[in-house]
Each structure stands twice: as C-alpha cells, then as structure tokens.
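Chemist: My structure is below; once you've seen it, I'll send some questions.
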Amino acid sequence: LVCLSHAQALLSVVTICDHSNNNGPSQCALGVNMLQDGGTVSNCVFRNMTLTTSGHAGTALRIRRPGAHVTCCVISNITTHANTEKGGAIALEADSLIDNCLVSDCNNDTWTSPTSGHGTKDAPGAIYQTSGTIANCTIVNCKAPRVAVIKTLGGELRDCILWNNRRYNENYAESEAIGTGEGMKSEKWLNVWADIAKDGAVWKATNDVAMAFVDLANGNYRLTINSVAKDSGDRRLKSGICTVDLDGSPRRVAPRIDAGCYEEPNGPGLKLMVR
C-alpha cells in the first residue's frame, strides 16, 4: 500500500486499516514497505489486515534496508495465511530500529502438519527478524501454530514485554510460543519479560500479579507503580530510540527506563498514600 524509498521519507500520524490482499505483488507488505536506506514511520496505526498471498514477509510492515526507524506505532489484528516462514505482522530484515510500539492480536495460521508446507511450521504470528533492534515494545495476544511472537535469526530484542502469546499446536512446548531461531541469545535478549517459564530461558518469566498492568483484562497494558518491569531497563536509551513512549510521555523519569511501550510516570520509590 505504501512504499518508502528515500532516506528522508516520513510517514506519520496515519491509520492503515481494513485491508486484505489475495493477489498482490510477492514479497510486499500490505501496510508499509521500507525499500531504501533510512526512512521513518511514526505514530501510525496498522490494524485489521489479512494476507493470503504466498511468498510474503511482513503483513503490516516490512523493513528491507538499514537505517529505518519505526516508532510509537500500534499494530493490531493482523492475520497471515500466506505460505511462508517469513510470515507475521512485521518483517525486520535489516539493521534498523523498531521501538515504543504495541503489537497485539496478530495471528499466523499457515501451517497444518509436520510434513507439509514450506517451512511454515515456524511462521511467526508477530515478528520475523534477521537483524536490527526491537526495543521497548509490548507484544500481546499473538498466536501461531508454533511461534507466536518472534522468529529471530539475528538482531537484538531489549526492554520488551511479551504477554499472553500462545502456540495452538500442542506438539510443541508452550515456551516455543515466545520464539525460535539462532538469534535467541542472552547477550541479544536484554531485559525481556514474558509470562511463560522455561529453564535456561533468555527472557525473564513472571506472572500477571507481578507484572501489574493497569487493566490487563480490558487491554490497558500500561504498568502500575508496583510492576516488576518498572525501572528494569537500561540506565540510558540506546542510540536512536525515541525519547518518549507510546503515549508521548518522557522515557527518562527514573534512573532506569521501564520495559514495554509505556513508561510508568512516577519516579522510583514514590508511593501514593491515603490518610
């Protein structure tokens, strides 16, 4: 639908929604394709997209060149039927940056049996990554036969929250819903939180009570002051990461940033007392 082909290209405050494609050009996303070095997508919404054409990578967003920046976007209700292991809502295939985004309710149902398909047993629901950095994102309620969140062959995942993402083929371990691939290394997954435990996992496992979202049941994934993910991140933002969260609020309100796409606004140790 949109192709950014210039280093200074900017797409901002745009909603792309209610779109499906059965016969579109191969390898193109339905939302935004970033085809040249650079370019920025900010404060955009991608929702209600369905892809059925084989050979695609990234239903809502595909980044194929370095230096691109996607920030403060909401990507939700993306369904991928395409017969490709690179399926999912987002394909990050270059040394680029995605930060402060909410990715929710993305589904990939391209695989049906262990002996059929074109590598599609690993087709992710949310993200296919070979390079680049995904930082301060919240990824929730995604589904796939095996890998609900991310298939990673390289790159970095940092200060992210992965919640209520599930595989629906029970031949695989529940923990494989979080991710697969050689990119899952402890030095590359930094301060990543999830609600699925696994021995030796490269993420931190916890539960609903400890994560303490404002209103998990109704889709409010902001953190309360008591969340274990509050002030759990780095002491400084990685170069290039947006200095505000998805709400537009400052990231630096404490010595350490919070995980996820929202920054809890109170500083460290502040409590509300009612007398």
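Ordering of the structure tokens sets the chain letters (A, B, ...); residue numbers start at 1 within each chain; ligands are numbered from 1 in the order shown.
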Leaving out stretch 132-135 of chain A and any residue of its chain fewer than 5 positions from it, which residues lie within 7 Å of it when counting only C-alpha atoms, given as a list of chain:residue names?
Modeler: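 What passes the distance filter is A:Leu92, A:Ala94, A:Asp95, A:Ser96, A:Leu97, A:Ile98, A:Asp99, A:Asn100, A:Gly155, A:Glu156, A:Leu157, A:Arg158, A:Asp159, A:Cys160.
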Chemist: Excluding same-chain residues fewer than 5 positions from A:Asn107, what lies within 8 Å of it counting only C-alpha atoms, as number ranges by chain?
Modeler: A: 77-80, 88, 125-126, 142-144, 148
Chemist: Residues at most 8 Å from A:Thr15, counting only C-alpha atoms, excluding those fewer than 5 positions away in the same chain, as an MDAnalysis selection string?
Modeler: chainID A and resid 44:47
Chemist: Selected residues, N, CA and C atoms, written as a short mmCIF file (atom, residue, chain, number, x, y, z; two decimals), in the first residue's frame, please.
Modeler:
data_model
loop_
_atom_site.label_atom_id
_atom_site.label_comp_id
_atom_site.auth_asym_id
_atom_site.auth_seq_id
_atom_site.Cartn_x
_atom_site.Cartn_y
_atom_site.Cartn_z
N CYS A 44 1.82 5.82 13.84
CA CYS A 44 0.87 5.26 12.87
C CYS A 44 0.13 4.07 13.49
N VAL A 45 -1.01 3.75 12.90
CA VAL A 45 -1.81 2.60 13.33
C VAL A 45 -2.00 1.68 12.13
N PHE A 46 -1.71 0.40 12.33
CA PHE A 46 -1.96 -0.64 11.34
C PHE A 46 -2.91 -1.63 11.98
N ARG A 47 -4.08 -1.84 11.40
CA ARG A 47 -5.00 -2.78 12.03
C ARG A 47 -5.94 -3.41 10.99
#
Chemist: Quick check, in Å to one decimal: how far apart do atom CA of A:Gln36 and atom CA of A:Val2 lie?
Modeler: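 Separation between atom CA of A:Gln36 and atom CA of A:Val2: 12.9 Å.
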Chemist: For the atom pair atom CA of A:His81 and atom CA of A:Cys137, what is the interatomic distance in Å to one decimal place?
Modeler: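 Straight-line distance from atom CA of A:His81 to atom CA of A:Cys137 works out to 24.3 Å.
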Chemist: Could you go through stretch 179-269 of chain A and tell me which residues DSSP, when run on the backbone, assigns to alpha helix (DSSP H), listing them as a PyMOL selection string?
Modeler: chain A and resi 208-211
Chemist: Residues within 9 Å of A:Thr40, please, as a ChimeraX atom specification. Count only C-alpha atoms; anything in the same chain fewer than 5 positions from it doesn't count.
Modeler: /A:4,7-12,34,67-71
Chemist: Write out as a list of chain:residue names each polymer residue whose atoms come within 10 Å of A:Ser232, counting only C-alpha atoms; drop sequence neighbours fewer than 5 positions from it.
Modeler: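 Contacts, in chain order: A:Asp159, A:Asn191, A:Val192, A:Trp193, A:Ser227, A:Pro255, A:Arg256, A:Ile257, A:Asp258, A:Ala259.
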Chemist: Using Å and a single decimal, report how far atom CA of A:Lys86 sits from atom CA of A:Val14.
Modeler: 25.2 Å
